[in-house]
$ cat structure_38.txt   # compact mmCIF, C-alpha atoms
# COMPACT_ATOMS: atom_id res chain seq x y z
CA MET A 970 137.73 -111.10 -52.23
CA SER A 971 136.59 -107.73 -53.49
CA ARG A 972 135.50 -104.81 -51.34
CA VAL A 973 132.20 -102.94 -51.48
CA GLU A 974 132.48 -99.14 -51.63
CA ALA A 975 129.96 -96.37 -51.95
CA ILE A 976 130.11 -94.55 -55.30
CA ASP A 977 130.96 -90.97 -54.40
CA PRO A 978 132.12 -87.92 -56.38
CA THR A 979 135.71 -89.20 -56.39
CA SER A 980 134.75 -92.51 -58.05
CA ILE A 981 132.16 -91.31 -60.57
CA GLU A 982 134.63 -91.03 -63.45
CA GLU A 983 135.97 -94.58 -63.10
CA THR A 984 132.45 -95.93 -62.51
CA ALA A 985 131.17 -94.22 -65.68
CA SER A 986 134.13 -95.61 -67.58
CA PHE A 987 133.43 -99.12 -66.26
CA LEU A 988 129.75 -98.95 -67.28
CA HIS A 989 130.67 -97.65 -70.73
CA ARG A 990 133.16 -100.43 -71.26
CA HIS A 991 131.25 -103.34 -69.72
CA LEU A 992 127.53 -102.59 -69.71
CA ASN A 993 126.78 -100.52 -72.80
CA SER A 994 129.52 -98.99 -74.94
CA ARG A 995 126.92 -97.22 -77.14
CA ILE A 996 126.17 -94.93 -74.20
CA PRO A 997 128.96 -92.33 -73.97
CA ILE A 998 130.92 -92.00 -70.75
CA GLU A 999 129.52 -88.48 -70.26
CA VAL A 1000 125.97 -89.85 -70.28
CA TRP A 1001 126.88 -92.51 -67.72
CA ALA A 1002 128.45 -89.80 -65.59
CA GLY A 1003 125.23 -87.81 -65.97
CA ILE A 1004 123.06 -90.39 -64.25
CA LEU A 1005 125.69 -90.98 -61.56
CA ASN A 1006 125.65 -87.26 -60.84
CA LEU A 1007 121.86 -87.00 -60.83
CA ARG A 1008 120.42 -85.94 -57.49
CA GLY A 1009 116.74 -85.95 -56.65
CA ARG A 1010 116.80 -84.95 -53.05
CA LYS A 1011 117.73 -82.03 -50.87
CA ILE A 1012 119.88 -84.02 -48.47
CA GLU A 1013 122.80 -86.04 -49.81
CA THR A 1014 122.76 -89.78 -49.08
CA GLY A 1015 126.49 -90.06 -49.59
CA ASN A 1016 126.35 -92.51 -52.48
CA ALA A 1017 125.28 -92.87 -56.11
CA GLY A 1018 125.10 -96.63 -55.60
CA PHE A 1019 127.87 -99.07 -54.76
CA LEU A 1020 130.84 -100.61 -56.51
CA LEU A 1021 133.03 -103.67 -56.06
CA ARG A 1022 136.75 -103.03 -56.01
CA TYR A 1023 139.38 -105.73 -56.45
CA GLN A 1024 143.10 -105.00 -56.42
CA GLY A 1025 142.38 -101.34 -56.96
CA GLN A 1026 140.09 -101.82 -59.97
CA VAL A 1027 136.34 -101.49 -60.28
CA VAL A 1028 134.94 -104.94 -61.05
CA GLY A 1029 131.25 -104.40 -60.37
CA VAL A 1030 128.69 -101.61 -60.08
CA TYR A 1031 125.10 -101.14 -59.00
CA GLY A 1032 123.93 -97.56 -59.48
CA ALA A 1033 121.23 -95.73 -57.56
CA VAL A 1034 119.56 -92.33 -57.77
CA TYR A 1035 117.79 -91.07 -54.66
CA ALA A 1036 114.67 -88.93 -54.98
CA GLU A 1037 112.83 -87.22 -52.15
CA ARG A 1038 109.31 -85.87 -52.34
CA LYS A 1039 106.07 -85.57 -50.42
CA VAL A 1040 103.56 -88.40 -50.69
CA GLU A 1041 100.25 -87.79 -48.88
CA GLY A 1042 101.89 -85.08 -46.81
CA ARG A 1043 104.91 -87.13 -45.70
CA ASN A 1044 108.51 -86.81 -46.91
CA GLU A 1045 109.45 -90.07 -48.58
CA VAL A 1046 112.78 -91.13 -50.08
CA PHE A 1047 112.95 -93.38 -53.11
CA CYS A 1048 116.02 -95.35 -54.18
CA ASN A 1049 115.90 -95.86 -57.95
CA LEU A 1050 118.17 -98.73 -58.94
CA HIS A 1051 119.99 -98.86 -62.26
CA SER A 1052 122.96 -100.42 -64.07
CA TRP A 1053 123.78 -103.66 -62.24
CA CYS A 1054 126.97 -104.92 -63.88
CA VAL A 1055 129.63 -107.25 -62.45
CA LEU A 1056 132.55 -108.79 -64.32
CA GLU A 1057 132.21 -112.52 -64.81
CA ALA A 1058 135.13 -113.44 -62.59
CA HIS A 1059 133.43 -111.64 -59.69
CA ARG A 1060 129.81 -112.44 -60.42
CA SER A 1061 129.53 -114.65 -57.37
CA GLU A 1062 129.86 -111.45 -55.33
CA SER A 1063 126.99 -109.61 -57.02
CA MET A 1064 124.81 -110.04 -53.97
CA ALA A 1065 127.18 -107.88 -51.94
CA LEU A 1066 126.10 -104.86 -53.99
CA LEU A 1067 122.43 -105.63 -53.45
CA ARG A 1068 123.02 -106.07 -49.72
CA ALA A 1069 124.67 -102.66 -49.53
CA LEU A 1070 121.80 -100.98 -51.37
CA LEU A 1071 118.87 -102.75 -49.75
CA GLY A 1072 120.47 -102.54 -46.33
CA GLN A 1073 119.78 -98.78 -46.31
CA LYS A 1074 116.81 -98.30 -44.02
CA GLY A 1075 113.70 -96.25 -44.57
CA LEU A 1076 113.80 -96.19 -48.38
CA HIS A 1077 111.40 -97.31 -51.07
CA PHE A 1078 113.20 -99.25 -53.79
CA TYR A 1079 112.35 -99.07 -57.48
CA ALA A 1080 113.88 -101.22 -60.22
CA PRO A 1081 112.34 -99.73 -63.36
CA THR A 1082 114.37 -101.72 -65.88
CA THR A 1083 114.69 -105.34 -64.84
CA SER A 1084 115.92 -108.13 -67.07
CA PRO A 1085 115.29 -111.89 -67.17
CA LEU A 1086 118.60 -112.23 -65.26
CA THR A 1087 117.82 -109.78 -62.46
CA ALA A 1088 114.08 -110.27 -62.01
CA PRO A 1089 114.46 -113.65 -60.25
CA PHE A 1090 116.72 -112.03 -57.65
CA PHE A 1091 114.21 -109.31 -57.02
CA GLU A 1092 111.39 -111.83 -56.74
CA VAL A 1093 113.22 -113.76 -54.04
CA LEU A 1094 113.93 -110.50 -52.24
CA ARG A 1095 110.18 -109.80 -52.08
CA PHE A 1096 110.01 -107.11 -54.73
CA ARG A 1097 106.62 -106.97 -56.40
CA TYR A 1098 105.74 -106.22 -60.00
CA LEU A 1099 104.04 -102.97 -60.97
CA ASP A 1100 101.03 -103.02 -63.31
CA PRO A 1101 102.75 -103.46 -66.69
CA ARG A 1102 99.86 -102.20 -68.85
CA LEU A 1103 100.45 -99.33 -71.25
CA CYS A 1104 97.45 -97.35 -72.43
CA MET A 1105 97.75 -96.71 -76.15
CA PHE A 1106 96.11 -93.86 -78.10
CA PHE A 1107 96.08 -92.99 -81.77
CA ASN A 1108 96.92 -89.31 -82.24
CA LEU A 1109 94.63 -87.25 -84.49
CA PRO A 1110 94.70 -83.52 -85.43
CA ARG A 1111 91.23 -82.88 -83.98
CA PRO A 1112 90.35 -79.47 -82.54
CA ALA A 1113 91.04 -79.61 -78.83
CA ARG A 1114 90.70 -77.36 -75.79
CA GLY A 1115 93.56 -76.14 -73.67
CA GLN A 1116 97.10 -75.16 -74.48
CA LEU A 1117 100.43 -76.88 -74.80
CA VAL A 1118 103.69 -75.14 -74.03
CA SER A 1119 106.98 -76.61 -75.15
CA HIS A 1120 109.42 -73.70 -75.27
CA PRO A 1121 111.86 -73.87 -72.33
CA ALA A 1122 111.77 -70.11 -71.69
CA ARG A 1123 107.99 -70.18 -71.31
CA LEU A 1124 108.13 -73.36 -69.22
CA GLU A 1125 110.51 -71.58 -66.83
CA LYS A 1126 107.77 -68.99 -66.21
CA ILE A 1127 105.01 -71.56 -65.76
CA PHE A 1128 106.74 -74.02 -63.46
CA GLN A 1129 107.20 -73.07 -59.83
CA ALA A 1130 108.74 -74.59 -56.71
CA GLU A 1131 108.93 -78.41 -56.86
CA THR A 1132 107.82 -78.57 -60.51
CA ARG A 1133 110.53 -76.09 -61.44
CA ARG A 1134 113.13 -78.20 -59.61
CA ILE A 1135 112.07 -81.33 -61.51
CA PHE A 1136 112.15 -79.37 -64.76
CA GLU A 1137 115.67 -78.09 -64.12
CA ASP A 1138 116.98 -81.49 -62.97
CA HIS A 1139 115.84 -83.11 -66.22
CA ARG A 1140 116.86 -80.36 -68.65
CA SER A 1141 120.23 -81.89 -69.45
CA PHE A 1142 118.72 -84.96 -71.16
CA PRO A 1143 118.22 -84.01 -74.82
CA TRP A 1144 116.17 -87.16 -75.54
CA ILE A 1145 113.51 -86.00 -73.04
CA GLU A 1146 110.87 -83.46 -74.09
CA GLN A 1147 109.26 -81.47 -71.30
CA LEU A 1148 105.85 -79.86 -71.79
CA ALA A 1149 103.15 -78.02 -69.91
CA LEU A 1150 99.59 -79.06 -70.76
CA GLY A 1151 96.55 -77.17 -69.52
CA GLU A 1152 95.36 -73.56 -69.53
CA LYS A 1153 95.30 -70.35 -67.46
CA ASP A 1154 96.90 -71.27 -64.14
CA GLN A 1155 96.29 -75.01 -64.24
CA TRP A 1156 99.14 -76.89 -65.80
CA CYS A 1157 100.28 -80.49 -65.94
CA HIS A 1158 104.02 -81.01 -66.32
CA LEU A 1159 104.91 -83.85 -68.70
CA LEU A 1160 108.10 -85.68 -69.60
CA LEU A 1161 107.98 -87.47 -72.94
CA ARG A 1162 110.34 -89.65 -74.88
CA LYS A 1163 110.21 -90.75 -78.51
CA ARG A 1164 109.94 -94.50 -79.05
CA ARG A 1165 108.95 -96.93 -81.77
CA TRP A 1166 105.95 -99.24 -81.48
CA LYS A 1167 105.22 -101.78 -84.21
CA GLY A 1168 107.28 -99.64 -86.59
CA LEU A 1169 105.35 -96.45 -85.76
CA GLY A 1170 106.66 -93.37 -84.02
CA CYS A 1171 105.34 -93.27 -80.50
CA ALA A 1172 105.46 -90.69 -77.71
CA GLU A 1173 105.91 -92.31 -74.34
CA VAL A 1174 104.79 -90.32 -71.32
CA LEU A 1175 107.35 -91.01 -68.63
CA TYR A 1176 105.94 -88.53 -66.12
CA LEU A 1177 102.70 -86.65 -65.72
CA GLU A 1178 102.19 -84.34 -62.79
CA ASN A 1179 98.41 -84.37 -62.67
CA PRO A 1180 96.43 -87.33 -64.08
CA ALA A 1181 93.09 -85.48 -64.06
CA LEU A 1182 94.49 -82.52 -66.03
CA PHE A 1183 96.26 -84.88 -68.40
CA LEU A 1184 93.00 -86.65 -69.20
CA ARG A 1185 91.11 -83.37 -69.61
CA TYR A 1186 93.63 -81.97 -72.14
CA ARG A 1187 94.90 -85.19 -73.66
CA SER A 1188 93.43 -84.37 -77.08
CA ARG A 1189 95.46 -81.15 -77.20
CA LEU A 1190 98.63 -83.17 -76.60
CA GLN A 1191 97.66 -85.72 -79.22
CA ARG A 1192 96.95 -83.03 -81.80
CA TRP A 1193 100.36 -81.46 -81.13
CA LEU A 1194 102.16 -84.81 -81.33
CA PHE A 1195 100.52 -85.53 -84.67
CA LEU A 1196 101.11 -82.10 -86.23
CA HIS A 1197 104.40 -81.01 -84.67
CA ARG A 1198 106.24 -84.23 -83.91
CA ARG A 1199 104.69 -86.54 -86.53
CA LEU A 1200 104.07 -89.20 -83.90
CA PRO A 1201 100.90 -91.20 -84.53
CA ILE A 1202 100.89 -93.05 -81.19
CA LEU A 1203 100.80 -91.93 -77.58
CA ARG A 1204 101.34 -94.34 -74.72
CA VAL A 1205 101.20 -93.91 -70.97
CA GLU A 1206 101.40 -96.35 -68.05
CA ALA A 1207 97.98 -97.44 -66.80
CA ARG A 1208 99.18 -97.40 -63.17
CA PHE A 1209 99.16 -93.58 -63.11
CA PHE A 1210 95.35 -93.57 -63.25
CA GLU A 1211 92.55 -94.80 -61.01
CA GLN A 1212 91.05 -96.48 -64.07
CA PRO A 1213 93.01 -97.07 -67.31
CA PRO A 1214 91.79 -94.37 -69.71
CA SER A 1215 92.03 -96.59 -72.78
CA LYS A 1216 90.73 -100.07 -73.53
CA PHE A 1217 93.58 -100.48 -76.00
CA THR A 1218 96.57 -101.61 -73.96
CA ALA A 1219 99.95 -103.18 -74.52
CA ILE A 1220 102.29 -104.79 -72.00
CA GLY A 1221 105.38 -102.83 -71.06
CA HIS A 1222 108.73 -103.77 -69.61
CA PRO A 1223 108.59 -105.42 -66.14
CA GLN A 1224 109.17 -102.97 -63.32
CA MET A 1225 109.58 -104.01 -59.70
CA VAL A 1226 109.38 -102.27 -56.34
CA LEU A 1227 110.08 -102.97 -52.69
CA SER A 1228 108.11 -100.92 -50.20
CA ARG A 1229 105.78 -101.55 -47.32
CA SER A 1230 103.72 -98.42 -47.80
CA MET A 1231 103.96 -96.96 -51.29
CA LYS A 1232 101.39 -97.77 -53.98
CA GLY A 1233 102.27 -98.47 -57.60
CA ARG A 1234 101.48 -94.96 -58.78
CA ASP A 1235 103.78 -93.47 -56.12
CA PHE A 1236 106.81 -94.77 -58.01
CA LEU A 1237 107.76 -92.19 -60.62
CA ASN A 1238 110.12 -92.43 -63.55
CA LEU A 1239 111.76 -89.15 -62.52
CA TYR A 1240 115.39 -89.55 -61.48
CA THR A 1241 115.64 -93.04 -63.00
CA ASP A 1242 117.51 -94.56 -65.92
CA ARG A 1243 114.27 -94.36 -67.92
CA VAL A 1244 114.82 -90.62 -68.22
CA ALA A 1245 118.54 -90.28 -67.62
CA LEU A 1246 120.07 -92.83 -69.99
CA ALA A 1247 120.06 -92.49 -73.75
CA THR A 1248 119.51 -95.39 -76.09
CA ASP A 1249 120.74 -95.92 -79.63
CA GLY A 1250 120.54 -92.86 -81.80
CA GLU A 1251 119.43 -90.57 -79.01
CA THR A 1252 122.74 -89.05 -78.00
CA PRO A 1253 123.73 -85.92 -79.89
CA MET B 1175 115.84 -132.38 -35.54
CA ASN B 1176 115.72 -128.79 -36.85
CA GLU B 1177 119.49 -128.66 -36.97
CA LYS B 1178 119.41 -131.73 -39.20
CA LYS B 1179 116.80 -130.10 -41.44
CA LEU B 1180 118.89 -126.95 -41.75
CA LYS B 1181 121.94 -128.97 -42.70
CA GLU B 1182 119.75 -130.70 -45.29
CA ALA B 1183 118.89 -127.30 -46.79
CA PHE B 1184 122.55 -126.35 -47.02
CA MET B 1185 123.52 -129.72 -48.48
CA ARG B 1186 120.85 -129.44 -51.17
CA ALA B 1187 121.61 -125.84 -52.02
CA PHE B 1188 125.37 -126.23 -52.23
CA ASP B 1189 125.77 -129.93 -52.97
CA LEU B 1190 127.66 -130.56 -49.73
CA SER B 1191 128.46 -133.81 -47.97
CA PRO B 1192 126.97 -134.54 -44.53
CA ASP B 1193 130.38 -134.51 -42.81
CA ARG B 1194 130.99 -130.86 -43.72
CA ASP B 1195 131.78 -128.35 -40.96
CA PHE B 1196 128.52 -126.41 -41.26
CA GLU B 1197 129.37 -123.87 -38.59
CA ALA B 1198 132.26 -122.67 -40.76
CA LEU B 1199 130.06 -122.01 -43.79
CA GLY B 1200 129.60 -118.40 -44.86
CA TYR B 1201 128.61 -116.32 -47.88
CA ARG B 1202 131.55 -116.05 -50.30
CA LYS B 1203 133.55 -118.42 -48.06
CA ILE B 1204 132.75 -121.48 -50.15
CA GLU B 1205 132.73 -121.62 -53.92
CA ALA B 1206 129.10 -122.65 -54.20
CA TRP B 1207 127.77 -119.81 -52.02
CA THR B 1208 127.42 -117.32 -54.82
CA SER B 1209 124.55 -114.92 -55.40
CA VAL B 1210 122.65 -117.60 -57.29
CA GLY B 1211 123.59 -120.18 -54.66
CA HIS B 1212 122.22 -117.85 -52.01
CA MET B 1213 118.86 -117.75 -53.76
CA ARG B 1214 118.86 -121.56 -53.90
CA LEU B 1215 119.60 -121.73 -50.18
CA ILE B 1216 116.76 -119.34 -49.35
CA SER B 1217 114.41 -121.42 -51.45
CA GLU B 1218 115.49 -124.66 -49.71
CA ILE B 1219 115.17 -123.16 -46.22
CA GLU B 1220 111.73 -121.73 -46.92
CA GLU B 1221 110.52 -125.03 -48.32
CA ILE B 1222 111.96 -127.26 -45.60
CA PHE B 1223 110.78 -125.07 -42.71
CA ASP B 1224 107.64 -123.76 -44.39
CA VAL B 1225 108.51 -120.14 -43.61
CA MET B 1226 108.67 -116.93 -45.62
CA LEU B 1227 111.73 -114.80 -44.90
CA ASP B 1228 111.57 -111.06 -45.42
CA THR B 1229 114.06 -109.04 -47.47
CA GLU B 1230 116.22 -108.10 -44.51
CA GLU B 1231 116.46 -111.70 -43.34
CA ILE B 1232 117.32 -112.90 -46.84
CA LEU B 1233 120.14 -110.38 -47.05
CA ASP B 1234 121.37 -111.05 -43.49
CA LEU B 1235 121.49 -114.83 -43.85
CA SER B 1236 125.24 -115.03 -44.35
CA SER B 1237 126.23 -118.15 -42.35
CA PHE B 1238 124.89 -121.35 -40.86
CA SER B 1239 124.71 -119.86 -37.39
CA LYS B 1240 123.01 -116.73 -38.72
CA ALA B 1241 120.44 -118.96 -40.40
CA LYS B 1242 119.62 -120.49 -37.01
CA GLU B 1243 119.30 -117.05 -35.45
CA ILE B 1244 116.93 -115.89 -38.18
CA LEU B 1245 114.83 -119.04 -38.06
CA ALA B 1246 114.55 -118.68 -34.27
CA HIS B 1247 112.55 -115.49 -34.97
CA HIS B 1248 110.16 -117.70 -36.87
CA GLU B 1249 109.77 -119.87 -33.76
CA ILE B 1250 111.98 -122.64 -35.04
CA ASP B 1251 113.82 -124.12 -32.10
CA PHE B 1252 117.43 -125.28 -32.39
CA GLN B 1253 118.04 -126.03 -28.73
CA HIS B 1254 116.76 -129.62 -28.84
$ encode --input "structure_38.txt" --output "structure tokens"
Amino acid sequence: MSRVEAIDPTSIEETASFLHRHLNSRIPIEVWAGILNLRGRKIETGNAGFLLRYQGQVVGVYGAVYAERKVEGRNEVFCNLHSWCVLEAHRSESMALLRALLGQKGLHFYAPTTSPLTAPFFEVLRFRYLDPRLCMFFNLPRPARGQLVSHPARLEKIFQAETRRIFEDHRSFPWIEQLALGEKDQWCHLLLRKRRWKGLGCAEVLYLENPALFLRYRSRLQRWLFLHRRLPILRVEARFFEQPPSKFTAIGHPQMVLSRSMKGRDFLNLYTDRVALATDGETP
Amino acid sequence: MNEKKLKEAFMRAFDLSPDRDFEALGYRKIEAWTSVGHMRLISEIEEIFDVMLDTEEILDLSSFSKAKEILAHHEIDFQH
């Protein structure tokens, strides 16, 4: 029988190597190591997920990134799950990894990238689905109010405190574009990623700091995406808003959460595989 | 009666015979009690006893005796 161990700094290299070899060889080992080293909280949990070890070798992994932030004035800790991979000979022991992760008390669990294989497990374990709707917008070069800042040196001056920390933690992912949208001293921090939708270039908003500011200056962003990034489509998850800001919606990838108290919009894509893992063609 | 029903759940989930030593059953101790088998067992138990287990209980249910302990919290009596 294999043994469950916490993934710690001493096992990151072999874990990254395992994920490269057995989960996705198109993602370089350094990128796998990047997400395993990602930290979103001030206090260390002591693990980057858990692994299964059999006769000295890693035979299974379930990664996790922990993120701490204030929600309605309270410090909350989120456990963002990623990269569940177990070799076939040991697949019967997959549950042991889930038990280790979900057995950690006081956390809110987020599985942002489920699959048809994993979703049934999460359903039985009482995870619930997030609103899957994506609001879609066609980008046009219309005149628009507000400003958009994309240069990192200027962003460093704009972002302070917690926003600055998030900015710095996500700087090492070249497939993520970080922007500030707004004007004067009111800015909304954005994380974007380039995607394809129905053959068209699409900017996906993975994180927006302030939904109200985003909506107020959305046209400025759309103009910039059209003129400077040649992306005709913008999409953003409907769950970030009180009311979906577009009647034109698509259905996104199923995402699931386990929490007694957090609402759908409290689960952010920061410190998850949605920002920290590259896909085909994105690694330099 | 409830003991019989619980054995029924295990038999259905893992395709066991009635003369099995149920007290010796444990997660990963028999071939059929895999991760998928575990989900089947949970489903059988919830259906037979008409209960809904929470996440912690689902993860803790690692043996026949543990199943009885967990179901006792749902006011299912195994003494008689």
$ closest_atom_pairs --input "structure_38.txt" --of "chain B" --to "chain A" --cutoff "6 Å" --atoms "only C-alpha atoms" --output "JSON lines"
{"residue": "B:Thr1208", "atom": "CA", "partner": "A:Ser1061", "partner_atom": "CA", "distance": 4.3}
{"residue": "B:Ser1209", "atom": "CA", "partner": "A:Met1064", "partner_atom": "CA", "distance": 5.1}
{"residue": "B:Thr1229", "atom": "CA", "partner": "A:Leu1094", "partner_atom": "CA", "distance": 5.0}
{"residue": "B:Leu1233", "atom": "CA", "partner": "A:Arg1068", "partner_atom": "CA", "distance": 5.8}
$ residues_near_point --input "structure_38.txt" --point "(111.2, -100.3, -61.7)" --cutoff "7 Å" --atoms "only C-alpha atoms" --output "list in words"
Tyr1079, Ala1080, Pro1081, Thr1082, Thr1083, Gln1224, Met1225 and Val1226 of chain A
$ atom_distance --input "structure_38.txt" --atom1 "atom CA of Leu1005 of chain A" --atom2 "atom CA of Asn1044 of chain A"
23.0 Å
$ atom_distance --input "structure_38.txt" --atom1 "atom CA of Glu1231 of chain B" --atom2 "atom CA of Glu1249 of chain B"
14.3 Å
$ closest_residue --input "structure_38.txt" --among "A:Glu1211, A:Ser971, A:Gly1032, A:Val1046" --to "Gly1003 of chain A" --atoms "all atoms listed in the file"
A:Gly1032
$ closest_residue --input "structure_38.txt" --among "A:Asp977, A:Asp1100, A:Glu1125, A:Glu1173" --to "Arg1140 of chain A" --atoms "all atoms listed in the file"
A:Glu1125
$ closest_residue --input "structure_38.txt" --among "B:Arg1214, B:His1248, B:Lys1240, B:Arg1202" --to "Phe1184 of chain B" --atoms "all atoms listed in the file"
B:Arg1214
